[in-house]
Amino acid sequence: MLPLLLFCVALCACNQTPPVEEPVIIEATSGDGETNYGAVSVDEPPVPEPPADLATTTDWPEAMLESGEARISCEVDYETSGDGAALSDLGFEPMSETMAPCQETGVLRLSYSGKVATDFVTLVERVGVMADRMGLRNRILDIDSSGGQVEAAIRAGDLIAEAGWTIWVREDAVCHSSCVLVLAGGDNRLISGKVGVHRIIRLQSGATSRAELSQELQEVHANIEQYLARNGGAVALADMMMTVPNRSLRLLTTHELEEFGIVGINAAQDDLDRIRLARKCGEDFVRRRDNFFRSFDRKCARQDENLDAMNTCGLELRERFGFPDGKCRLDSPFSEFDQAIHASTSQASDADADSTPAG
């Protein structure tokens with residue numbers, strides 16, 4: 001009997017499944033860090049029509065960023081290059097001057113730390129418009145936010161969805177509460193920090209009963225569902241945001257981030273890209289791109305990994321799949337790194353040429 005017992009014990013040990021990552025609930029404050037907890041829903045007046053077309057005029061209405069801090073960098077390497085120049089005045093001239101150096105590298109990295117509010121929406125809109133005017137295709141939103149207004153997050157996310165942004169949550173950053181809705185708008189999302197949700201709280205509510213409050217929240221819930229559906233996210237995320245007590249925070253597991261569609265390649269955008277790239281670059285390019293991203297998700301995109309290490313892993317991995325592609329270099333995975341490397345090489349060559357004595 002003893003050998004058989006030992007065999008059964010060994011067999012059970014071999015068949016053990018790996019441990020499942022358990023969800024964590026912690027105490028947390030809201031995006032404003034004061035008295036309001038959870039993702040905040042507010043009654044906002046209709047968004048006014050802009051008095052001028054930002055894309056064609058330099059006469060931009062005055063606007064200041066007050067809900068957080070923004071910085072503009074023209075490099076992807078944040079560990080070496082830092083986060084760049086501060087940006088608080090969102091007028092045409094200050095933004096143009098701050099973003100102009102990025103025309104040399106072809107890369108724009110907007111670092112934002114603070115609340116999700118209406119001025120954050122203005123920041124995202126105007127940086128995107130200026131990037132269009134300067135021809136900056138490679139755009140990264142490097143975000144660290146404990147959340148804020150649901151309505152502002154939805155507006156910002158829709159702007160991001162139309163402007164080709166990659167979103168980073170670095171290892172020392174968080175994306176909590178309504179910030180998770182911003183993630184849904186990105187074309188690609190690389191996450192090393194903590195992402196969490198909790199219940200929406202209504203400000204300016206006139207509810208006097210659970211039934212009245214429930215009716216108000218159902219309208220907010222429906223808006224979130226519609227937003228997630230059009231941006232490739234799972235509507236189940238909206239349900240979770242209604243169940244976690246608003247004085248707590250539910251940290252999402254790696255599996256949940258994938259299930260909710262707020263990490264990695266955006267499924268909705270990927271469908272559009274596949275159609276466009278098949279016409280432009282050919283079916284072989286699309287197959288190699290698909291295989292690269294599948295391999296990247298397995299080998300590189302781990303939430304407990306340093307974001308810089310993820311990028312390094314991706315750069316090394318892509319060579320196995322024939323990237324950067326000779327015909328479609330700018331559409332190749334991690335093309336923002338190629339442009340930055342090319343710009344640095346060109347600057348170094350120019351410096352060498354300037355230092356060479358005339359013959």
# chains A, B, ... in the order shown; residues from 1 in each chain; ligands from 1
call {"tool": "residues_around", "arguments": {"residues": "Val263 of chain A", "least_positions_apart": "6", "cutoff": "7 Å", "atoms": "only C-alpha atoms", "output": "ChimeraX atom specification"}}
result
/A:189-191,257
call {"tool": "closest_residue", "arguments": {"among": "A:Thr57, A:Thr122, A:Ser214, A:Asn223", "to": "Ser88 of chain A", "atoms": "only C-alpha atoms"}}
result
A:Thr122
call {"tool": "closest_residue", "arguments": {"among": "A:Ser332, A:Gln103, A:Ser41, A:Asn291", "to": "Glu151 of chain A", "atoms": "only C-alpha atoms"}}
result
A:Ser41
call {"tool": "closest_residue", "arguments": {"among": "A:Arg133, A:Lys299, A:Lys280, A:Lys194", "to": "Cys175 of chain A", "atoms": "only C-alpha atoms"}}
result
A:Lys194
call {"tool": "closest_residue", "arguments": {"among": "A:Thr253, A:Val42, A:Glu79, A:Thr56", "to": "Glu171 of chain A", "atoms": "only C-alpha atoms"}}
result
A:Glu79
call {"tool": "residues_around", "arguments": {"residues": "segment 315-322 of chain A", "least_positions_apart": "2", "cutoff": "9 Å", "atoms": "only C-alpha atoms", "output": "JSON, numbers by chain"}}
result
{"A": [285, 288, 289, 291, 292, 293, 295, 296, 299, 300, 310, 311, 312, 313, 324, 325, 326, 333, 334, 337]}
call {"tool": "write_last_selection", "arguments": {"atoms": "C-alpha atoms", "output": "PDB file, in the first residue's frame"}}
result
ATOM      1  CA  PHE A 285       2.854  41.910 -42.334  1.00  0.00           C
ATOM      2  CA  ARG A 288       3.781  38.724 -38.288  1.00  0.00           C
ATOM      3  CA  ARG A 289       2.321  41.618 -36.312  1.00  0.00           C
ATOM      4  CA  ASN A 291       2.291  36.740 -33.853  1.00  0.00           C
ATOM      5  CA  PHE A 292       4.537  39.406 -32.340  1.00  0.00           C
ATOM      6  CA  PHE A 293       1.838  40.804 -30.060  1.00  0.00           C
ATOM      7  CA  SER A 295       4.362  36.537 -28.061  1.00  0.00           C
ATOM      8  CA  PHE A 296       4.805  39.954 -26.406  1.00  0.00           C
ATOM      9  CA  LYS A 299       6.826  36.951 -22.595  1.00  0.00           C
ATOM     10  CA  CYS A 300       6.963  40.685 -21.866  1.00  0.00           C
ATOM     11  CA  MET A 310       8.743  45.476 -20.911  1.00  0.00           C
ATOM     12  CA  ASN A 311       9.860  47.859 -23.634  1.00  0.00           C
ATOM     13  CA  THR A 312      13.343  46.341 -23.756  1.00  0.00           C
ATOM     14  CA  CYS A 313      11.839  42.866 -24.007  1.00  0.00           C
ATOM     15  CA  PRO A 324      10.965  46.973 -38.155  1.00  0.00           C
ATOM     16  CA  ASP A 325       9.570  46.158 -41.582  1.00  0.00           C
ATOM     17  CA  GLY A 326      11.379  47.631 -44.585  1.00  0.00           C
ATOM     18  CA  PRO A 333       5.461  47.470 -33.505  1.00  0.00           C
ATOM     19  CA  PHE A 334       7.398  49.876 -31.235  1.00  0.00           C
ATOM     20  CA  PHE A 337      11.624  53.704 -30.505  1.00  0.00           C
TER      21      PHE A 337
END
call {"tool": "select_by_dssp", "arguments": {"residues": "segment 170-344 of chain A", "states": "strand (DSSP E or B)", "output": "PyMOL selection string"}}
result
chain A and resi 174-176+188-191+194-197+200-202+248-251+264-265
call {"tool": "select_by_dssp", "arguments": {"residues": "segment 259-342 of chain A", "states": "helix (DSSP H, G or I)", "output": "number ranges by chain"}}
result
A: 259, 267-281, 283-299, 307-321, 329-331, 335-342
call {"tool": "residues_around", "arguments": {"residues": "Thr254 of chain A", "least_positions_apart": "4", "cutoff": "12 Å", "atoms": "only C-alpha atoms", "output": "JSON, numbers by chain"}}
result
{"A": [20, 21, 22, 23, 24, 190, 191, 192, 193, 194, 195, 196, 258, 259, 260, 261, 262, 263, 264, 297, 301, 302, 303, 304, 305]}
call {"tool": "write_last_selection", "arguments": {"atoms": "N, CA, C and O atoms", "output": "compact mmCIF listing (two decimals), in the first residue's frame"}}
result
# COMPACT_ATOMS: atom_id res chain seq x y z
N VAL A 20 -3.83 30.91 -8.24
CA VAL A 20 -4.60 31.95 -8.91
C VAL A 20 -4.35 33.27 -8.21
O VAL A 20 -4.35 33.34 -6.98
N GLU A 21 -4.14 34.32 -8.98
CA GLU A 21 -3.94 35.64 -8.40
C GLU A 21 -5.23 36.12 -7.77
O GLU A 21 -6.26 36.24 -8.43
N GLU A 22 -5.20 36.35 -6.46
CA GLU A 22 -6.40 36.74 -5.74
C GLU A 22 -6.60 38.25 -5.81
O GLU A 22 -5.65 39.01 -5.70
N PRO A 23 -7.86 38.68 -5.96
CA PRO A 23 -8.14 40.12 -5.94
C PRO A 23 -7.86 40.70 -4.56
O PRO A 23 -7.98 40.01 -3.55
N VAL A 24 -7.51 41.97 -4.52
CA VAL A 24 -7.18 42.64 -3.26
C VAL A 24 -8.08 43.85 -3.11
O VAL A 24 -8.28 44.62 -4.06
N LEU A 190 0.13 49.60 -21.64
CA LEU A 190 1.17 48.88 -20.93
C LEU A 190 1.06 49.24 -19.45
O LEU A 190 1.17 50.42 -19.08
N ILE A 191 0.84 48.23 -18.61
CA ILE A 191 0.54 48.48 -17.20
C ILE A 191 1.52 47.75 -16.30
O ILE A 191 1.61 46.53 -16.33
N SER A 192 2.24 48.53 -15.49
CA SER A 192 3.10 47.96 -14.45
C SER A 192 2.58 48.33 -13.06
O SER A 192 2.87 47.63 -12.10
N GLY A 193 1.87 49.45 -12.94
CA GLY A 193 1.36 49.90 -11.66
C GLY A 193 0.03 49.25 -11.31
O GLY A 193 -0.41 48.29 -11.94
N LYS A 194 -0.62 49.79 -10.29
CA LYS A 194 -1.86 49.22 -9.78
C LYS A 194 -3.08 49.89 -10.41
O LYS A 194 -3.17 51.11 -10.48
N VAL A 195 -4.02 49.06 -10.84
CA VAL A 195 -5.27 49.54 -11.43
C VAL A 195 -6.41 49.05 -10.54
O VAL A 195 -6.48 47.86 -10.21
N GLY A 196 -7.29 49.96 -10.15
CA GLY A 196 -8.36 49.57 -9.25
C GLY A 196 -9.64 50.34 -9.48
O GLY A 196 -9.64 51.42 -10.07
N GLU A 258 -7.21 41.79 -18.50
CA GLU A 258 -7.37 41.20 -19.83
C GLU A 258 -8.84 40.94 -20.14
O GLU A 258 -9.31 41.23 -21.25
N GLU A 259 -9.57 40.41 -19.16
CA GLU A 259 -10.99 40.11 -19.37
C GLU A 259 -11.80 41.38 -19.65
O GLU A 259 -12.74 41.37 -20.45
N PHE A 260 -11.43 42.47 -18.99
CA PHE A 260 -12.15 43.73 -19.18
C PHE A 260 -11.67 44.49 -20.41
O PHE A 260 -12.26 45.51 -20.78
N GLY A 261 -10.61 44.03 -21.05
CA GLY A 261 -10.14 44.66 -22.29
C GLY A 261 -9.50 46.01 -22.09
O GLY A 261 -9.63 46.89 -22.95
N ILE A 262 -8.79 46.19 -20.95
CA ILE A 262 -8.16 47.48 -20.69
C ILE A 262 -6.65 47.36 -20.53
O ILE A 262 -6.01 48.23 -19.94
N VAL A 263 -6.07 46.31 -21.08
CA VAL A 263 -4.63 46.15 -21.10
C VAL A 263 -4.23 45.58 -22.46
O VAL A 263 -5.02 44.90 -23.12
N GLY A 264 -3.02 45.90 -22.91
CA GLY A 264 -2.56 45.40 -24.19
C GLY A 264 -3.23 46.11 -25.36
O GLY A 264 -3.72 47.22 -25.25
N ASP A 297 2.66 39.51 -25.33
CA ASP A 297 1.77 39.36 -24.18
C ASP A 297 2.23 38.22 -23.28
O ASP A 297 2.14 38.31 -22.05
N ALA A 301 4.67 41.33 -21.32
CA ALA A 301 3.66 42.21 -20.71
C ALA A 301 3.14 41.62 -19.41
O ALA A 301 2.00 41.17 -19.31
N ARG A 302 3.98 41.63 -18.38
CA ARG A 302 3.58 41.16 -17.06
C ARG A 302 3.42 42.36 -16.14
O ARG A 302 4.28 43.24 -16.08
N GLN A 303 2.30 42.39 -15.39
CA GLN A 303 1.98 43.57 -14.60
C GLN A 303 3.01 43.83 -13.51
O GLN A 303 3.21 44.96 -13.09
N ASP A 304 3.70 42.78 -13.03
CA ASP A 304 4.69 42.98 -11.97
C ASP A 304 6.06 43.35 -12.54
O ASP A 304 7.04 43.44 -11.80
N GLU A 305 6.12 43.58 -13.85
CA GLU A 305 7.39 43.88 -14.51
C GLU A 305 7.57 45.39 -14.64
O GLU A 305 6.61 46.14 -14.82
call {"tool": "atom_distance", "arguments": {"atom1": "atom CA of Arg137 of chain A", "atom2": "atom CA of Gly106 of chain A"}}
result
6.9 Å
call {"tool": "residues_around", "arguments": {"residues": "Cys102 of chain A", "least_positions_apart": "2", "cutoff": "10 Å", "atoms": "only C-alpha atoms", "output": "CSV table (one decimal) with C-alpha atoms, in the first residue's frame"}}
result
chain,number,residue,atom,x,y,z
A,72,ILE,CA,6.0,66.9,-22.2
A,73,SER,CA,8.9,64.7,-23.2
A,74,CYS,CA,10.1,63.8,-26.6
A,75,GLU,CA,11.8,60.6,-25.5
A,98,THR,CA,6.9,73.1,-25.3
A,99,MET,CA,6.1,70.5,-27.9
A,100,ALA,CA,8.3,71.8,-30.8
A,104,GLU,CA,13.0,66.1,-34.1
A,105,THR,CA,12.3,62.7,-32.5
A,106,GLY,CA,8.8,62.1,-33.8
A,107,VAL,CA,7.8,61.0,-30.3
A,108,LEU,CA,5.5,62.7,-27.8
A,109,ARG,CA,5.1,61.5,-24.3
A,131,ALA,CA,0.5,66.8,-32.2
A,134,MET,CA,3.2,69.0,-35.9
A,135,GLY,CA,2.9,65.6,-37.5
A,136,LEU,CA,3.7,63.6,-34.3
A,340,ALA,CA,13.9,58.2,-31.4
call {"tool": "closest_residue", "arguments": {"among": "A:Val169, A:Leu159, A:Met130, A:Val150", "to": "Ser111 of chain A", "atoms": "only C-alpha atoms"}}
result
A:Val169
